[in-house]
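Enquirer: I'd like to ask you about the structure that follows.
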Amino acid sequence: MSLSNHNYLGVTAYYFDPQLKLQSHALTVIKTEVRHFTDAVAQHFMKVAREWDIEHKVVSLTTDSARNMIAAARQLSFEHMPCIAHSVYRAVTVSLTNSPFDSALAKCRKVVGHFKQPSKPSGARAATSRTSSEERVTRTRSVNQWNSTLEMIKRVQRNAEPLRDALALHTTNVAMPTASELEKLKKLEAVLEHFSLCLAQQCCQHCVICRDCWRSLRTTQLT
């Protein structure tokens with residue numbers, strides 16, 4: 001779904017060429033008139049497969065782990081393989097729910113929210129002019145996306161001192177995370193960075209986790 005709430009469905013084909021090199025081609029990105037209901041997803045995929053004359057060449061179908069996608073795949077005759085990258089993404093997202101980091105993350109989001117508010121009167125604006133760059137770098141897209149959470153943690157950590165100074169000049173109840181909370185967030189940043197690097201690997205883009213990714217995941221620990 002786009003930012004303007006329009007529904008799109010994309011189909012990409014992966015295959016091995018005669019030299020056994022993995023290739024990929026985007027077959028289509030369809031703007032759908034209805035939401036991604038199970039039946040509609042299955043019908044759209046089969047329509048694309050027929051248009052490209054690959055209906056009888058498809059070996060497996062890979063989707064994210066959304067319920068409608070899984071249900072749509074079950075309606076089709078192809079073997080369904082969940083996207084490993086999306087599965088890792090979901091695992092991290094669920095793990096961050098009601099975690100020991102909740103308090104520190106909540107403070108970070110309040111700080112971000114404070115600087116995202118409309119401009120203050122001229123006096124306050126003058127007092128915070130030197131933090132304008134920090135205001136820009138602390139913007140976040142969605143608290144439900146752990147990669148956005150990772151970026152938020154990095155920016156708050158990097159700009160902790162100027163942000164703390166700016167908050168001291170404001171009449172607000174918003175407080176920066178404490179030193180111990182910042183230390184805890186630093187450990188969380190290290191963990192999330194491992195997952196981010198894994199998903200950035202070319203192998204993960206092809207829905208396969210390689211040896212290096214597994215090594216990173218296995219050696220990552222929260223202490």
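Chains: A, B, ... in order of the structure tokens. Residues: from 1 per chain. Ligands: from 1, in order shown.
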Neighbours of range 49-60 of chain A within 7 Å (only C-alpha atoms; same-chain residues fewer than 3 positions away dropped), as a ChimeraX atom specification?

Expert: /A:45-46,78-81

Enquirer: Residues as selected, C-alpha atoms, written as a PDB file, in the first residue's frame, can you do that?

Expert:
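Full text of selection25.pdb as output:
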```pdb
ATOM      1  CA  PHE A  45      -1.004 -13.691  -9.736  1.00  0.00           C
ATOM      2  CA  MET A  46      -2.506 -16.214 -12.133  1.00  0.00           C
ATOM      3  CA  PHE A  78       2.539 -24.003  -6.526  1.00  0.00           C
ATOM      4  CA  GLU A  79       4.755 -24.788  -3.569  1.00  0.00           C
ATOM      5  CA  HIS A  80       4.728 -21.840  -1.195  1.00  0.00           C
ATOM      6  CA  MET A  81       7.943 -20.559   0.398  1.00  0.00           C
TER       7      MET A  81
END
```

Enquirer: Can you tell me which residues surround range 182-184 of chain A at a distance of at most 8 Å, considering only C-alpha atoms, apart from same-chain residues fewer than 5 positions away, and format the answer as a VMD selection string?

Expert: chain A and resid 101 104 157 177

Enquirer: Go ahead and dump the residues you just picked, all heavy atoms, as a JSON list (two decimals), in the first residue's frame.

Expert:
```
[["chain", "number", "residue", "atom", "x", "y", "z"],
["A", 101, "PHE", "N", 13.20, -3.11, 26.75],
["A", 101, "PHE", "CA", 13.62, -1.83, 26.19],
["A", 101, "PHE", "C", 12.46, -0.85, 26.06],
["A", 101, "PHE", "O", 12.65, 0.27, 25.58],
["A", 101, "PHE", "CB", 14.24, -2.05, 24.80],
["A", 101, "PHE", "CG", 15.41, -2.98, 24.80],
["A", 101, "PHE", "CD1", 15.27, -4.30, 24.43],
["A", 101, "PHE", "CD2", 16.67, -2.53, 25.19],
["A", 101, "PHE", "CE1", 16.35, -5.17, 24.43],
["A", 101, "PHE", "CE2", 17.76, -3.38, 25.19],
["A", 101, "PHE", "CZ", 17.60, -4.70, 24.81],
["A", 104, "ALA", "N", 12.93, 2.81, 27.63],
["A", 104, "ALA", "CA", 13.93, 3.63, 26.95],
["A", 104, "ALA", "C", 13.46, 4.03, 25.55],
["A", 104, "ALA", "O", 13.65, 5.17, 25.13],
["A", 104, "ALA", "CB", 15.25, 2.86, 26.86],
["A", 157, "GLN", "N", 21.30, 8.53, 19.95],
["A", 157, "GLN", "CA", 22.60, 8.27, 20.56],
["A", 157, "GLN", "C", 23.64, 9.28, 20.05],
["A", 157, "GLN", "O", 24.42, 9.84, 20.83],
["A", 157, "GLN", "CB", 23.07, 6.84, 20.23],
["A", 157, "GLN", "CG", 22.26, 5.74, 20.89],
["A", 157, "GLN", "CD", 22.79, 5.39, 22.28],
["A", 157, "GLN", "OE1", 23.49, 6.15, 22.90],
["A", 157, "GLN", "NE2", 22.41, 4.22, 22.76],
["A", 177, "PRO", "N", 16.48, 9.79, 27.62],
["A", 177, "PRO", "CA", 16.78, 8.54, 28.34],
["A", 177, "PRO", "C", 17.97, 8.75, 29.27],
["A", 177, "PRO", "O", 18.87, 9.54, 28.98],
["A", 177, "PRO", "CB", 17.13, 7.56, 27.21],
["A", 177, "PRO", "CG", 16.44, 8.11, 26.00],
["A", 177, "PRO", "CD", 16.51, 9.60, 26.15]]
```

Enquirer: If I take CA of Ala85 in chain A and CA of His194 in chain A, how far is one from the other in Å, to one decimal?

Expert: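 So the two atoms, CA of Ala85 in chain A and CA of His194 in chain A, lie 12.9 Å apart.
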
Enquirer: Which residues are near Arg67 in chain A? Cut-off 12 Å, only C-alpha atoms, ignore same chain within fewer than 2 positions. Put them as a list in words.

Expert: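 Result of the neighbour search: His36, Phe37, Thr38, Val41, Thr63, Asp64, Ser65, Met69, Ile70, Ala71, Ala72, Ala73, Arg74 and Pro82 of chain A.
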
Enquirer: Of the residues A:Leu96, A:Val88, A:Asp39, A:Thr32, which is the one nearest to Asn68 in chain A, using only C-alpha atoms?

Expert: A:Asp39

Enquirer: When you draw a straight line from CA of Arg158 in chain A to CA of Ala91 in chain A, how long is it in Å?

Expert: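 For CA of Arg158 in chain A relative to CA of Ala91 in chain A, the distance reads 26.7 Å.
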
Enquirer: Which residue out of A:Val92, A:Val112, A:Leu105, A:Ala40 has the minimum interatomic distance to Gln75 in chain A when only C-alpha atoms are used?

Expert: A:Ala40

Enquirer: So, with only C-alpha atoms as the atoms that count, which of A:Leu20, A:Ala66, A:Met176, A:Ala168 lies closest to Val156 in chain A?

Expert: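 Once distances to Val156 in chain A are computed over only C-alpha atoms, the minimum belongs to A:Met176.
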
Enquirer: Looking at only C-alpha atoms, which of A:Lys186, A:His25, A:Lys31, A:His6 is the one that sits closest to Ile153 in chain A?

Expert: A:Lys186

Enquirer: What's the separation between CA of Lys110 in chain A and CA of Val191 in chain A, in Å to one decimal place?

Expert: 22.5 Å
